[in-house]
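K.L.:
Here you go, this is structure23.txt (compact mmCIF, C-alpha atoms).
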# COMPACT_ATOMS: atom_id res chain seq x y z
CA MET A 1 15.33 2.86 4.81
CA ASP A 2 17.00 -0.53 4.34
CA PHE A 3 14.33 -3.15 3.64
CA PHE A 4 15.55 -5.61 6.26
CA ASP A 5 15.76 -2.89 8.88
CA ALA A 6 12.16 -1.96 8.12
CA VAL A 7 10.78 -5.49 8.07
CA THR A 8 12.51 -6.58 11.29
CA THR A 9 11.52 -3.50 13.29
CA GLN A 10 7.95 -3.04 12.03
CA ARG A 11 6.05 -4.03 15.13
CA ALA A 12 2.54 -3.31 16.41
CA MET A 13 2.58 0.32 17.56
CA ARG A 14 -0.69 0.88 19.42
CA ARG A 15 0.26 4.04 21.32
CA LEU A 16 0.16 6.83 18.77
CA LYS A 17 0.44 10.60 18.80
CA ALA A 18 -2.42 12.70 17.48
CA ASP A 19 -0.04 14.74 15.28
CA PRO A 20 -1.21 14.88 11.65
CA ILE A 21 0.50 12.85 8.96
CA PRO A 22 1.56 14.90 5.89
CA ASP A 23 -0.41 14.24 2.72
CA ALA A 24 2.76 13.36 0.82
CA ALA A 25 3.68 10.65 3.32
CA LEU A 26 0.16 9.23 3.33
CA ARG A 27 0.11 9.15 -0.46
CA ARG A 28 3.36 7.14 -0.48
CA VAL A 29 1.86 4.67 1.99
CA MET A 30 -1.26 4.22 -0.12
CA ASP A 31 0.77 3.86 -3.32
CA ALA A 32 2.67 1.02 -1.66
CA ALA A 33 -0.66 -0.63 -0.80
CA ALA A 34 -1.77 -0.54 -4.42
CA CYS A 35 1.48 -2.27 -5.51
CA ALA A 36 0.69 -5.44 -3.52
CA PRO A 37 -0.19 -8.73 -5.23
CA SER A 38 -3.71 -10.12 -5.40
CA GLY A 39 -5.26 -13.32 -6.69
CA GLY A 40 -5.44 -13.24 -10.49
CA ASN A 41 -4.33 -9.61 -10.24
CA ARG A 42 -8.02 -8.79 -9.74
CA GLN A 43 -7.18 -5.93 -7.35
CA GLY A 44 -10.58 -6.19 -5.71
CA TRP A 45 -9.42 -4.05 -2.84
CA SER A 46 -10.49 -0.64 -1.65
CA PHE A 47 -8.80 1.47 1.01
CA LEU A 48 -10.94 3.87 2.98
CA VAL A 49 -8.71 6.54 4.52
CA VAL A 50 -10.55 8.18 7.41
CA ARG A 51 -9.28 11.53 8.67
CA ASP A 52 -12.57 13.27 9.47
CA PRO A 53 -12.51 13.91 13.26
CA ALA A 54 -16.18 13.04 13.82
CA LYS A 55 -15.93 9.77 11.92
CA ARG A 56 -12.69 8.83 13.68
CA ALA A 57 -14.33 9.55 17.02
CA ARG A 58 -17.31 7.37 16.16
CA LEU A 59 -15.05 4.56 14.97
CA GLY A 60 -13.22 4.90 18.27
CA GLU A 61 -16.50 4.47 20.17
CA LEU A 62 -17.44 1.37 18.18
CA TYR A 63 -13.96 -0.05 18.62
CA ARG A 64 -14.10 0.56 22.38
CA GLU A 65 -17.36 -1.40 22.54
CA ALA A 66 -15.86 -4.22 20.48
CA TRP A 67 -12.77 -4.33 22.70
CA GLY A 68 -15.05 -4.73 25.71
CA GLU A 69 -16.42 -7.90 24.14
CA LEU A 70 -13.11 -9.29 22.91
CA VAL A 71 -11.40 -8.99 26.28
CA LYS A 72 -13.85 -11.61 27.61
CA VAL A 73 -12.68 -14.37 25.25
CA PRO A 74 -10.34 -16.97 26.85
CA TYR A 75 -7.05 -15.79 25.31
CA TYR A 76 -7.47 -12.19 26.43
CA ALA A 77 -9.09 -13.13 29.72
CA SER A 78 -6.03 -15.27 30.47
CA ALA A 79 -3.66 -12.46 29.46
CA ALA A 80 -5.48 -10.18 31.89
CA LYS A 81 -4.28 -12.41 34.74
CA ALA A 82 -0.64 -12.32 33.63
CA PRO A 83 1.91 -10.11 35.45
CA PRO A 84 1.97 -6.59 33.99
CA ASP A 85 5.66 -6.89 33.03
CA SER A 86 5.22 -10.26 31.25
CA PRO A 87 4.89 -10.44 27.43
CA ALA A 88 1.18 -11.23 27.75
CA GLY A 89 0.66 -8.45 30.26
CA LYS A 90 2.44 -5.91 28.08
CA MET A 91 0.46 -7.00 25.02
CA LEU A 92 -2.81 -6.63 26.89
CA ALA A 93 -1.91 -3.18 28.21
CA SER A 94 -0.98 -2.06 24.70
CA ALA A 95 -4.17 -3.48 23.19
CA ARG A 96 -6.25 -1.91 25.94
CA HIS A 97 -4.68 1.47 25.22
CA LEU A 98 -5.64 1.15 21.57
CA GLY A 99 -9.13 0.10 22.59
CA GLU A 100 -9.52 3.29 24.57
CA HIS A 101 -7.75 5.68 22.17
CA LEU A 102 -8.22 4.38 18.61
CA GLY A 103 -10.27 7.40 17.57
CA GLU A 104 -7.41 9.73 18.48
CA ALA A 105 -5.08 8.32 15.80
CA PRO A 106 -4.82 10.93 13.01
CA VAL A 107 -5.51 8.38 10.26
CA LEU A 108 -7.60 5.21 10.25
CA ILE A 109 -7.46 2.98 7.19
CA LEU A 110 -10.10 0.36 6.43
CA ALA A 111 -8.64 -2.25 4.08
CA CYS A 112 -11.56 -3.74 2.21
CA ILE A 113 -12.01 -6.56 -0.30
CA ALA A 114 -14.96 -7.15 -2.63
CA VAL A 115 -16.41 -10.67 -2.61
CA ASP A 116 -18.40 -12.37 -5.35
CA PRO A 117 -22.17 -12.57 -4.77
CA GLY A 118 -23.16 -15.76 -2.99
CA VAL A 119 -19.56 -16.70 -2.20
CA ALA A 120 -18.62 -16.76 1.48
CA PRO A 121 -15.25 -15.23 2.31
CA SER A 122 -12.57 -17.80 3.20
CA VAL A 123 -9.03 -17.78 4.46
CA THR A 124 -7.81 -17.54 0.87
CA THR A 125 -9.83 -14.36 0.36
CA GLY A 126 -7.31 -12.75 2.68
CA ALA A 127 -4.53 -13.55 0.20
CA SER A 128 -5.87 -10.73 -1.96
CA ILE A 129 -5.94 -8.04 0.74
CA TYR A 130 -3.49 -8.79 3.55
CA PRO A 131 -0.36 -8.38 1.41
CA ALA A 132 -1.59 -4.83 0.77
CA VAL A 133 -2.10 -4.35 4.51
CA GLN A 134 1.49 -5.42 5.14
CA ASN A 135 2.67 -3.02 2.44
CA ILE A 136 0.84 -0.22 4.25
CA MET A 137 2.53 -1.06 7.54
CA LEU A 138 5.99 -1.50 6.02
CA ALA A 139 5.74 1.77 4.11
CA ALA A 140 4.58 3.50 7.26
CA ARG A 141 7.54 2.05 9.17
CA ALA A 142 9.96 3.28 6.52
CA LEU A 143 8.55 6.78 7.04
CA GLY A 144 8.71 6.59 10.84
CA ILE A 145 4.95 6.15 11.19
CA GLY A 146 3.52 3.60 13.61
CA SER A 147 0.73 1.18 12.75
CA CYS A 148 -0.87 -2.11 13.66
CA LEU A 149 -3.34 -4.53 12.13
CA THR A 150 -6.60 -5.06 13.98
CA THR A 151 -9.86 -6.80 13.11
CA ILE A 152 -11.72 -6.10 16.35
CA HIS A 153 -13.92 -3.56 14.54
CA ARG A 154 -15.73 -6.50 12.97
CA PHE A 155 -17.60 -6.98 16.23
CA ARG A 156 -19.41 -3.83 15.07
CA ASP A 157 -19.08 -4.43 11.33
CA ALA A 158 -22.65 -3.41 10.41
CA GLN A 159 -22.31 -0.09 12.24
CA VAL A 160 -18.89 0.56 10.68
CA LYS A 161 -20.26 -0.09 7.20
CA GLU A 162 -23.25 2.15 7.81
CA LEU A 163 -21.07 4.96 9.14
CA LEU A 164 -18.77 4.88 6.12
CA GLY A 165 -21.19 3.84 3.37
CA ILE A 166 -19.42 0.54 2.65
CA PRO A 167 -21.46 -1.75 0.31
CA PRO A 168 -22.73 -5.14 1.57
CA ASN A 169 -20.55 -7.13 -0.85
CA VAL A 170 -17.36 -5.56 0.54
CA GLU A 171 -15.58 -7.09 3.53
CA THR A 172 -13.69 -4.88 5.98
CA ALA A 173 -10.65 -7.11 6.31
CA ALA A 174 -8.53 -4.88 8.54
CA LEU A 175 -8.48 -1.60 10.40
CA ILE A 176 -5.06 0.05 10.47
CA PRO A 177 -4.49 3.09 12.69
CA LEU A 178 -1.57 5.28 11.61
CA GLY A 179 0.28 7.81 13.71
CA TYR A 180 3.71 8.82 14.89
CA PRO A 181 4.54 6.45 17.75
CA LEU A 182 4.82 7.32 21.40
CA GLY A 183 7.12 4.33 21.87
CA LYS A 184 10.17 3.09 19.98
CA PHE A 185 10.41 0.81 16.99
CA GLY A 186 12.38 -2.39 17.50
CA ARG A 187 12.48 -6.07 16.77
CA PRO A 188 9.23 -7.64 17.99
CA PRO A 189 9.23 -10.61 20.40
CA ARG A 190 9.01 -13.70 18.22
CA ARG A 191 9.55 -17.44 18.57
CA PRO A 192 12.98 -18.61 17.37
CA LEU A 193 13.29 -19.58 13.72
CA ARG A 194 14.06 -23.22 14.56
CA GLU A 195 10.55 -23.56 16.03
CA VAL A 196 8.65 -22.14 13.10
CA ALA A 197 10.63 -22.98 9.94
CA PHE A 198 11.03 -26.62 8.92
CA ALA A 199 13.31 -28.26 6.35
CA ASP A 200 11.75 -30.83 4.01
CA ARG A 201 9.69 -32.47 6.78
CA TRP A 202 7.36 -31.15 9.47
CA GLY A 203 9.18 -30.64 12.76
CA GLN A 204 12.67 -30.80 11.28
CA ALA A 205 14.26 -27.45 12.04
CA PHE A 206 15.34 -25.34 9.10
For the structure just supplied, provide its representation as structure tokens.

P.N.:
Amino acid sequence: MDFFDAVTTQRAMRRLKADPIPDAALRRVMDAAACAPSGGNRQGWSFLVVRDPAKRARLGELYREAWGELVKVPYYASAAKAPPDSPAGKMLASARHLGEHLGEAPVLILACIAVDPGVAPSVTTGASIYPAVQNIMLAARALGIGSCLTTIHRFRDAQVKELLGIPPNVETAALIPLGYPLGKFGRPPRRPLREVAFADRWGQAF
């Protein structure tokens, strides 16, 4: 698939079929993850690929609980009041669907990053794991597989780690459900370039 077609149509696909993903396709996705950059090329990442039905179901239960908490925060509470056909209303409906059906996705990937003892994770810690997450989602898109990046599972991080045997010094940076989409790929709704890219000085449109 043409790179620019993939990158401009890779959007959050939260409504996924339960159909299995072939091993060969999943291996290509994971190989793309391992080709991502990381700080100092330390490659402190780990990718936990969950296909076991019981574990996926339990992750789905924990995620549903976490979604119930997240929907109370101001941003989501405000979106809940938006018209159903508005961008905010559509986003909320899609996120709610994932909250209720995450465990039905055929593959759940936990993207993890090891942290040094005594060092609190920071925004720059993400520089060594989120490029790999994007590689996962782009590779999935190129293969016709839907995905999205979510961190809501961290509301139940201790339970997730216990379920999957994740060590204490490893952060679960992202949860990525994979599955063939029920909807269609397409360019996501985004702010125009002139509002987000500046030339030489803040606020001066690129």

K.L.:
For A:Leu193, list every protein, DNA or RNA residue within 8 Å, evaluated using all atoms listed in the file, and leave out those in the same chain fewer than 3 positions away; present the list as a VMD selection string.

P.N.:
chain A and resid 196 to 197 206

K.L.:
Which one of A:Leu62, A:Phe47, A:Val73, A:Val107 sits closest to A:Ala174 if you count only C-alpha atoms?

P.N.:
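Ranking A:Leu62, A:Phe47, A:Val73, A:Val107 by distance to A:Ala174, first place goes to A:Phe47.
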
K.L.:
So how many Å separate atom CA of A:Cys112 and atom CA of A:Leu178, to one decimal?

P.N.:
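Rounded to one decimal, the two atoms are 16.4 Å apart.
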
K.L.:
Report, in Å with one decimal, the straight-line distance from atom CA of A:Pro53 to atom CA of A:Leu16.

P.N.:
15.5 Å

K.L.:
Provide the atom CA of A:Arg15 to atom CA of A:His101 distance in Å, to one decimal place.

P.N.:
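Separation of atom CA of A:Arg15 and atom CA of A:His101: 8.2 Å.
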
K.L.:
Find, counting only C-alpha atoms, the residue in A:Leu138, A:Ala205, A:Leu92, A:Leu175 that gets nearest to A:Asp2.

P.N.:
A:Leu138

K.L.:
I need the residue nearest A:Tyr180 from this list: A:Pro121, A:Pro192, A:Pro87, A:Pro106. Use only C-alpha atoms for the distance.

P.N.:
A:Pro106

K.L.:
If you count only C-alpha atoms, which residues fall within 12 Å of A:Glu69, apart from same-chain ones fewer than 2 positions away, as a compact mmCIF listing (two decimals) with C-alpha atoms, keeping the file's coordinate frame?

P.N.:
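Heads up, here's the output in part_25.txt:
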# COMPACT_ATOMS: atom_id res chain seq x y z
CA LEU A 62 -17.44 1.37 18.18
CA TYR A 63 -13.96 -0.05 18.62
CA ARG A 64 -14.10 0.56 22.38
CA GLU A 65 -17.36 -1.40 22.54
CA ALA A 66 -15.86 -4.22 20.48
CA TRP A 67 -12.77 -4.33 22.70
CA VAL A 71 -11.40 -8.99 26.28
CA LYS A 72 -13.85 -11.61 27.61
CA VAL A 73 -12.68 -14.37 25.25
CA PRO A 74 -10.34 -16.97 26.85
CA TYR A 76 -7.47 -12.19 26.43
CA ALA A 77 -9.09 -13.13 29.72
CA ARG A 96 -6.25 -1.91 25.94
CA GLY A 99 -9.13 0.10 22.59
CA ILE A 152 -11.72 -6.10 16.35
CA HIS A 153 -13.92 -3.56 14.54
CA ARG A 154 -15.73 -6.50 12.97
CA PHE A 155 -17.60 -6.98 16.23
CA ARG A 156 -19.41 -3.83 15.07
